[in-house]
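Next comes input.txt, a file with compact mmCIF, C-alpha atoms.
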# COMPACT_ATOMS: atom_id res chain seq x y z
CA MET A 1 -20.45 86.29 197.79
CA ALA A 2 -19.90 85.68 194.07
CA PHE A 3 -17.07 87.48 192.29
CA VAL A 4 -18.28 90.37 190.10
CA ASP A 5 -16.11 91.60 187.23
CA TYR A 6 -16.54 94.38 184.70
CA ASP A 7 -17.23 93.79 181.03
CA LYS A 8 -14.45 95.15 178.82
CA ILE A 9 -13.77 97.60 176.03
CA VAL A 10 -10.43 96.77 174.39
CA LEU A 11 -8.46 99.41 172.49
CA PHE A 12 -6.25 97.37 170.14
CA GLY A 13 -3.63 99.13 168.07
CA ASP A 14 -0.11 100.40 167.66
CA SER A 15 1.83 103.26 169.29
CA ILE A 16 -0.96 105.76 168.65
CA THR A 17 -3.19 103.65 170.89
CA GLU A 18 -0.39 102.99 173.38
CA GLN A 19 0.38 106.70 173.78
CA SER A 20 -3.30 107.61 174.17
CA TYR A 21 -2.96 107.00 177.92
CA ASP A 22 -0.08 109.47 178.30
CA GLN A 23 -1.57 112.69 179.67
CA ALA A 24 1.76 114.44 180.14
CA ARG A 25 1.00 116.42 176.95
CA GLY A 26 -2.68 116.86 177.77
CA PHE A 27 -5.80 115.08 176.52
CA GLY A 28 -5.50 111.36 175.69
CA PHE A 29 -8.06 109.18 173.89
CA GLY A 30 -7.60 106.05 176.03
CA ALA A 31 -7.54 108.01 179.28
CA ALA A 32 -10.69 109.92 178.32
CA LEU A 33 -12.63 106.76 177.44
CA THR A 34 -11.50 105.17 180.72
CA ASP A 35 -12.89 108.17 182.55
CA VAL A 36 -16.26 108.29 180.80
CA TYR A 37 -16.81 104.54 181.37
CA ARG A 38 -15.53 104.46 184.96
CA ARG A 39 -17.44 101.99 187.18
CA LYS A 40 -19.48 100.86 184.16
CA ILE A 41 -17.11 99.04 181.77
CA GLU A 42 -13.38 98.50 182.11
CA VAL A 43 -11.44 100.09 179.25
CA VAL A 44 -8.32 98.04 178.53
CA GLY A 45 -5.48 99.54 176.51
CA LYS A 46 -3.70 97.10 174.22
CA GLY A 47 -1.41 99.38 172.23
CA PHE A 48 1.93 98.15 170.91
CA SER A 49 4.46 100.61 169.53
CA GLY A 50 5.72 99.75 166.06
CA TYR A 51 3.32 96.85 165.51
CA ASN A 52 1.50 96.13 162.26
CA THR A 53 -1.40 93.80 161.45
CA LEU A 54 0.86 90.75 161.20
CA HIS A 55 2.07 91.44 164.74
CA ALA A 56 -1.56 91.89 165.79
CA LEU A 57 -2.58 88.46 164.53
CA GLU A 58 0.29 86.91 166.46
CA LEU A 59 -0.71 88.81 169.59
CA ILE A 60 -4.39 87.93 169.79
CA PRO A 61 -3.99 84.49 171.42
CA LYS A 62 -1.65 86.05 173.98
CA ILE A 63 -3.80 89.01 175.03
CA ILE A 64 -7.44 87.99 174.50
CA PRO A 65 -8.76 85.66 177.21
CA PRO A 66 -11.78 83.45 176.62
CA PRO A 67 -15.09 84.94 177.80
CA THR A 68 -16.24 83.97 181.27
CA THR A 69 -19.53 84.04 183.12
CA ALA A 70 -18.18 87.05 185.00
CA SER A 71 -17.21 89.25 182.04
CA ARG A 72 -16.66 89.48 178.31
CA ILE A 73 -15.36 91.97 175.77
CA ARG A 74 -18.31 94.11 174.71
CA LEU A 75 -16.43 96.33 172.24
CA ILE A 76 -13.02 96.34 170.56
CA THR A 77 -11.49 99.14 168.52
CA VAL A 78 -9.08 97.96 165.81
CA PHE A 79 -6.61 100.70 164.90
CA PHE A 80 -3.72 99.48 162.74
CA GLY A 81 -2.24 100.67 159.48
CA ALA A 82 0.21 103.46 160.25
CA ASN A 83 3.07 100.96 160.34
CA ASP A 84 1.72 98.64 157.64
CA ALA A 85 1.84 101.71 155.35
CA THR A 86 5.59 102.25 155.69
CA LEU A 87 7.39 101.94 152.37
CA PRO A 88 8.23 98.45 151.01
CA ASN A 89 11.90 98.65 151.96
CA ARG A 90 10.99 98.96 155.67
CA SER A 91 10.61 96.03 158.07
CA GLN A 92 7.18 97.19 159.29
CA HIS A 93 5.69 97.26 155.78
CA VAL A 94 2.75 95.00 154.97
CA PRO A 95 1.55 94.93 151.32
CA LEU A 96 -1.81 96.59 150.81
CA ASP A 97 -3.73 93.44 149.87
CA GLN A 98 -2.30 91.60 152.87
CA TYR A 99 -3.21 94.53 155.13
CA SER A 100 -6.85 94.27 154.05
CA GLU A 101 -6.87 90.52 154.57
CA ASN A 102 -5.19 90.86 157.96
CA LEU A 103 -7.86 93.30 159.14
CA LYS A 104 -10.52 90.77 158.17
CA ARG A 105 -8.65 88.01 159.99
CA ILE A 106 -8.33 90.14 163.12
CA ILE A 107 -12.01 91.02 163.12
CA ASN A 108 -13.04 87.41 162.50
CA HIS A 109 -10.50 85.81 164.82
CA PRO A 110 -12.19 82.98 166.79
CA LEU A 111 -10.95 84.33 170.13
CA LEU A 112 -12.63 87.64 169.42
CA VAL A 113 -15.77 86.13 167.92
CA ALA A 114 -16.20 84.06 171.11
CA HIS A 115 -16.96 87.29 172.97
CA SER A 116 -19.57 88.42 170.40
CA PRO A 117 -18.16 91.95 170.65
CA ARG A 118 -19.12 95.00 168.72
CA ILE A 119 -16.17 96.24 166.67
CA ILE A 120 -15.14 99.70 165.53
CA LEU A 121 -12.49 99.91 162.83
CA ILE A 122 -10.34 103.05 162.71
CA THR A 123 -8.47 104.13 159.58
CA PRO A 124 -4.86 105.24 159.81
CA PRO A 125 -4.59 109.03 159.92
CA PRO A 126 -2.73 111.15 157.38
CA ILE A 127 0.95 111.90 157.95
CA CYS A 128 3.07 115.01 157.51
CA GLU A 129 6.13 114.12 155.43
CA TYR A 130 8.02 117.21 156.60
CA ARG A 131 7.69 116.26 160.26
CA THR A 132 8.17 112.50 159.90
CA GLN A 133 11.32 112.95 157.85
CA ASP A 134 12.74 115.60 160.18
CA ASN A 135 11.98 113.37 163.15
CA ASP A 136 13.59 110.34 161.52
CA LEU A 137 16.68 112.38 160.68
CA ALA A 138 16.95 113.57 164.29
CA ARG A 139 16.76 109.93 165.44
CA GLY A 140 19.44 108.81 163.01
CA ILE A 141 17.05 106.87 160.75
CA PRO A 142 18.21 107.21 157.12
CA GLY A 143 15.99 107.53 154.08
CA THR A 144 12.23 107.95 153.86
CA GLN A 145 9.92 105.63 155.79
CA ARG A 146 6.49 107.06 154.95
CA ARG A 147 4.69 108.86 152.16
CA ALA A 148 1.37 110.64 152.46
CA ALA A 149 0.03 109.04 149.28
CA ASN A 150 0.83 105.54 150.50
CA THR A 151 -0.85 106.13 153.85
CA LYS A 152 -3.99 107.29 152.03
CA LYS A 153 -4.17 103.93 150.23
CA TYR A 154 -4.21 102.11 153.56
CA ALA A 155 -6.87 104.43 154.95
CA ASP A 156 -9.02 103.71 151.89
CA ALA A 157 -8.42 99.98 152.30
CA ALA A 158 -9.58 100.09 155.92
CA LEU A 159 -12.76 101.87 154.82
CA GLU A 160 -13.38 99.16 152.21
CA VAL A 161 -12.92 96.41 154.80
CA GLY A 162 -15.34 98.09 157.16
CA LYS A 163 -17.91 98.46 154.39
CA ALA A 164 -17.49 94.85 153.24
CA LEU A 165 -17.93 93.49 156.77
CA GLY A 166 -20.65 95.94 157.79
CA ILE A 167 -18.58 97.31 160.67
CA PRO A 168 -18.75 100.91 161.91
CA THR A 169 -15.59 102.59 160.70
CA VAL A 170 -14.08 105.87 161.88
CA ASN A 171 -12.58 107.73 158.93
CA LEU A 172 -9.81 109.40 160.89
CA TRP A 173 -7.89 110.24 157.72
CA GLU A 174 -10.75 112.37 156.44
CA ALA A 175 -11.39 114.02 159.82
CA PHE A 176 -7.77 115.13 160.17
CA VAL A 177 -7.64 116.38 156.57
CA GLN A 178 -10.86 118.34 157.05
CA HIS A 179 -9.38 119.98 160.14
CA ALA A 180 -6.33 120.91 158.06
CA GLY A 181 -8.36 122.59 155.31
CA GLY A 182 -9.87 119.78 153.24
CA TRP A 183 -8.81 118.02 150.08
CA GLU A 184 -10.27 117.38 146.62
CA GLU A 185 -9.56 114.34 144.47
CA GLY A 186 -6.79 115.02 141.98
CA ASN A 187 -5.06 117.67 144.09
CA PRO A 188 -1.81 117.12 145.99
CA LEU A 189 -2.35 115.52 149.38
CA LEU A 190 -2.11 117.56 152.55
CA GLY A 191 0.98 116.45 154.41
CA SER A 192 2.95 115.66 151.27
CA LYS A 193 5.97 117.68 150.18
CA GLU A 194 4.11 118.63 147.03
CA LEU A 195 2.54 121.34 149.22
CA PRO A 196 3.99 123.66 151.86
CA LYS A 197 3.99 122.39 155.43
CA ASN A 198 0.42 122.54 156.77
CA GLU A 199 0.36 124.11 160.23
CA LYS A 200 -3.21 122.97 160.92
CA LEU A 201 -2.12 119.38 160.37
CA GLY A 202 0.75 120.09 162.74
CA GLU A 203 -1.80 120.90 165.45
CA LEU A 204 -2.81 117.22 165.31
CA LEU A 205 0.49 115.43 164.62
CA ARG A 206 3.39 116.29 166.91
CA ASP A 207 6.03 114.44 164.87
CA GLY A 208 4.09 113.92 161.67
CA LEU A 209 2.70 110.57 162.85
CA HIS A 210 1.86 110.54 166.57
CA PHE A 211 -0.88 112.72 167.98
CA GLU A 212 -1.06 116.01 169.78
CA PRO A 213 -3.89 116.28 172.35
CA LYS A 214 -6.09 117.93 169.70
CA GLY A 215 -5.67 114.87 167.48
CA TYR A 216 -6.69 112.58 170.32
CA GLN A 217 -9.69 114.82 170.99
CA ILE A 218 -10.88 114.32 167.40
CA LEU A 219 -10.39 110.55 167.70
CA TYR A 220 -12.27 110.45 171.00
CA ASP A 221 -15.19 112.49 169.65
CA LEU A 222 -15.46 110.27 166.56
CA VAL A 223 -15.30 106.98 168.47
CA LEU A 224 -17.76 108.10 171.14
CA GLY A 225 -20.06 109.50 168.45
CA THR A 226 -19.89 106.19 166.57
CA ILE A 227 -20.83 104.33 169.76
CA GLN A 228 -23.75 106.66 170.40
CA GLU A 229 -25.02 106.37 166.82
CA SER A 230 -24.29 102.73 165.94
CA ILE A 231 -23.97 100.96 169.32
CA PRO A 232 -26.31 102.91 171.59
CA GLU A 233 -26.48 100.11 174.14
CA LEU A 234 -22.85 100.92 174.95
CA ASP A 235 -23.35 104.67 175.18
CA PRO A 236 -21.97 105.46 178.66
CA GLU A 237 -25.11 107.48 179.35
CA ASN A 238 -27.16 104.30 178.91
CA LEU A 239 -25.10 102.18 181.31
CA GLU A 240 -25.48 101.74 185.03
CA PHE A 241 -22.69 101.42 187.56
CA VAL A 242 -21.66 97.80 188.13
CA PHE A 243 -21.65 98.55 191.86
CA PRO A 244 -24.26 100.99 193.24
CA HIS A 245 -23.71 104.44 194.70
CA HIS A 246 -22.42 104.34 198.23
CA GLU A 247 -25.80 105.35 199.66
CA ASN A 248 -27.30 102.10 198.33
CA ALA A 249 -24.25 99.85 198.54
CA PRO A 250 -24.38 96.89 200.94
CA LYS A 251 -21.99 97.00 203.89
CA SER A 252 -20.26 94.27 205.80
CA ASP A 253 -21.49 93.54 209.32
CA PHE A 254 -18.51 94.45 211.51
CA TYR A 255 -19.33 91.82 214.10
CA ALA A 256 -20.18 89.02 211.66
CA TYR A 257 -17.22 89.66 209.30
CA GLY A 258 -15.04 86.59 208.85
CA GLN A 259 -17.30 84.28 210.82
CA ALA A 260 -18.64 81.09 209.32

What's the C-alpha cells form of this structure?
Amino acid sequence: MAFVDYDKIVLFGDSITEQSYDQARGFGFGAALTDVYRRKIEVVGKGFSGYNTLHALELIPKIIPPPTTASRIRLITVFFGANDATLPNRSQHVPLDQYSENLKRIINHPLLVAHSPRIILITPPPICEYRTQDNDLARGIPGTQRRAANTKKYADAALEVGKALGIPTVNLWEAFVQHAGGWEEGNPLLGSKELPKNEKLGELLRDGLHFEPKGYQILYDLVLGTIQESIPELDPENLEFVFPHHENAPKSDFYAYGQA
C-alpha cells in the first residue's frame, strides 16, 4: 500500500501566528483553520516569536521541505511586520524599504516557488501605544519600542507589495481600525497617544500588540473569506476528505494481515 500524505497550508509569521494555536484564552486563528480543514489539508503552524522578515528569510531553507509526490504546500500565509516596525533603535527593526524587499524575497523564494503555492499576504495590525508601553514597563523594557504611525507605514508597504505582485492581501490594519471606530486621513491614528485609549481596540489587542480571541476571529474570517473569494479551489467546502468516511473506508483482513 502506497503512503498517502496530506497537502499542506503553512501559516508563516511571528508571535501573533505562534500564539494563534493557544486556546487558553479562547478562539485562535491557527486552531480554527486546523479544525475547518481537518482530514482535508494539514494546517502547519510556523510562527516564531520576535522574528522579523530577515529572520524569515534565514528560516525558509530550514522549515520548507521540497515538494514530494505525496504532498506539497498548497497555500502559505505570510504575516510579518509587527517586529520589523519597531523603532530604529531596536534590534528587531528592519528599515521600511528593506521590509518591502524582504516580503518580495520571501514570496519568490525558490523553495516556496517549487511548491507552486497560492499565497496570502497579511498586513501588520495597528498597535495601542498605551498598552504596549505599559506592558514593556511591566517587563522591565525601557523606552518606547513601537509607534502607531510607524506600524501604519509597514501595513501600507505590505499592501503595496501585495498589489505589485498580484497576491491576495488581508488588510488587517484597516479591519482592526474599523472595528475600533474608523479613521480618516489626516486625523490622529487610533492607538496613538494623540487620542485617548480606545477600548474597542483593546477588545482586539490584549497587550497592545498580541491578539485577544476577538482579534483572531477577525483574522480568521478575513483569511477564510479571501480563500473563498480568491482561491475557491481551497475553500474547505470544496475539498474532499483525503481518507473516506468510515462506512466506505477499506479494512484490513484480520486473517491475511501481515502475511506475504

Restrict the calculation to all atoms listed in the file, then for each residue of stretch 143-229 of chain A with any atom at most 8 Å from an atom of stretch 27-31 of chain A give the closest atom pair and their distance in Å to one decimal, rows by chain and rising residue number, as a tab-separated table.
residue	atom	partner	partner_atom	distance
A:Pro213	CA	A:Phe27	CA	4.7
A:Lys214	CA	A:Phe27	CA	7.4
A:Tyr216	CA	A:Phe29	CA	5.1
A:Gln217	CA	A:Phe29	CA	6.5
A:Leu219	CA	A:Phe29	CA	6.8
A:Tyr220	CA	A:Phe29	CA	5.3

* To do: Skip A:Ala157 itself and residues of its chain fewer than 3 positions away, then list as a list in words all residues within 8 Å of it, counting all atoms listed in the file.
  =>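 In the requested form, the answer reads Leu96, Ser100, Lys153, Tyr154, Glu160 and Val161 of chain A.
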
What would the file look like if the residues just selected were written as an mmCIF file, in the frame of the given file with C-alpha atoms?
data_model
loop_
_atom_site.group_PDB
_atom_site.id
_atom_site.type_symbol
_atom_site.label_atom_id
_atom_site.label_comp_id
_atom_site.auth_asym_id
_atom_site.auth_seq_id
_atom_site.Cartn_x
_atom_site.Cartn_y
_atom_site.Cartn_z
ATOM 1 C CA LEU A 96 -1.810 96.590 150.810
ATOM 2 C CA SER A 100 -6.850 94.270 154.050
ATOM 3 C CA LYS A 153 -4.170 103.930 150.230
ATOM 4 C CA TYR A 154 -4.210 102.110 153.560
ATOM 5 C CA GLU A 160 -13.380 99.160 152.210
ATOM 6 C CA VAL A 161 -12.920 96.410 154.800
#

* Could you state the separation of atom CA of A:Lys8 and atom CA of A:Trp173 in Å, given to one decimal place? -> 26.8 Å

* For each of A:Leu234, A:Ile16, A:Val78, A:Leu33, take the minimum atom-to-atom distance to A:Ser49, counting only C-alpha atoms, then give the residue where this is smallest. =>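 Of A:Leu234, A:Ile16, A:Val78, A:Leu33, the one nearest A:Ser49, counting only C-alpha atoms, is A:Ile16.
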
* So how many Å separate atom CA of A:Ala70 and atom CA of A:Ser252, to one decimal? -> 22.1 Å
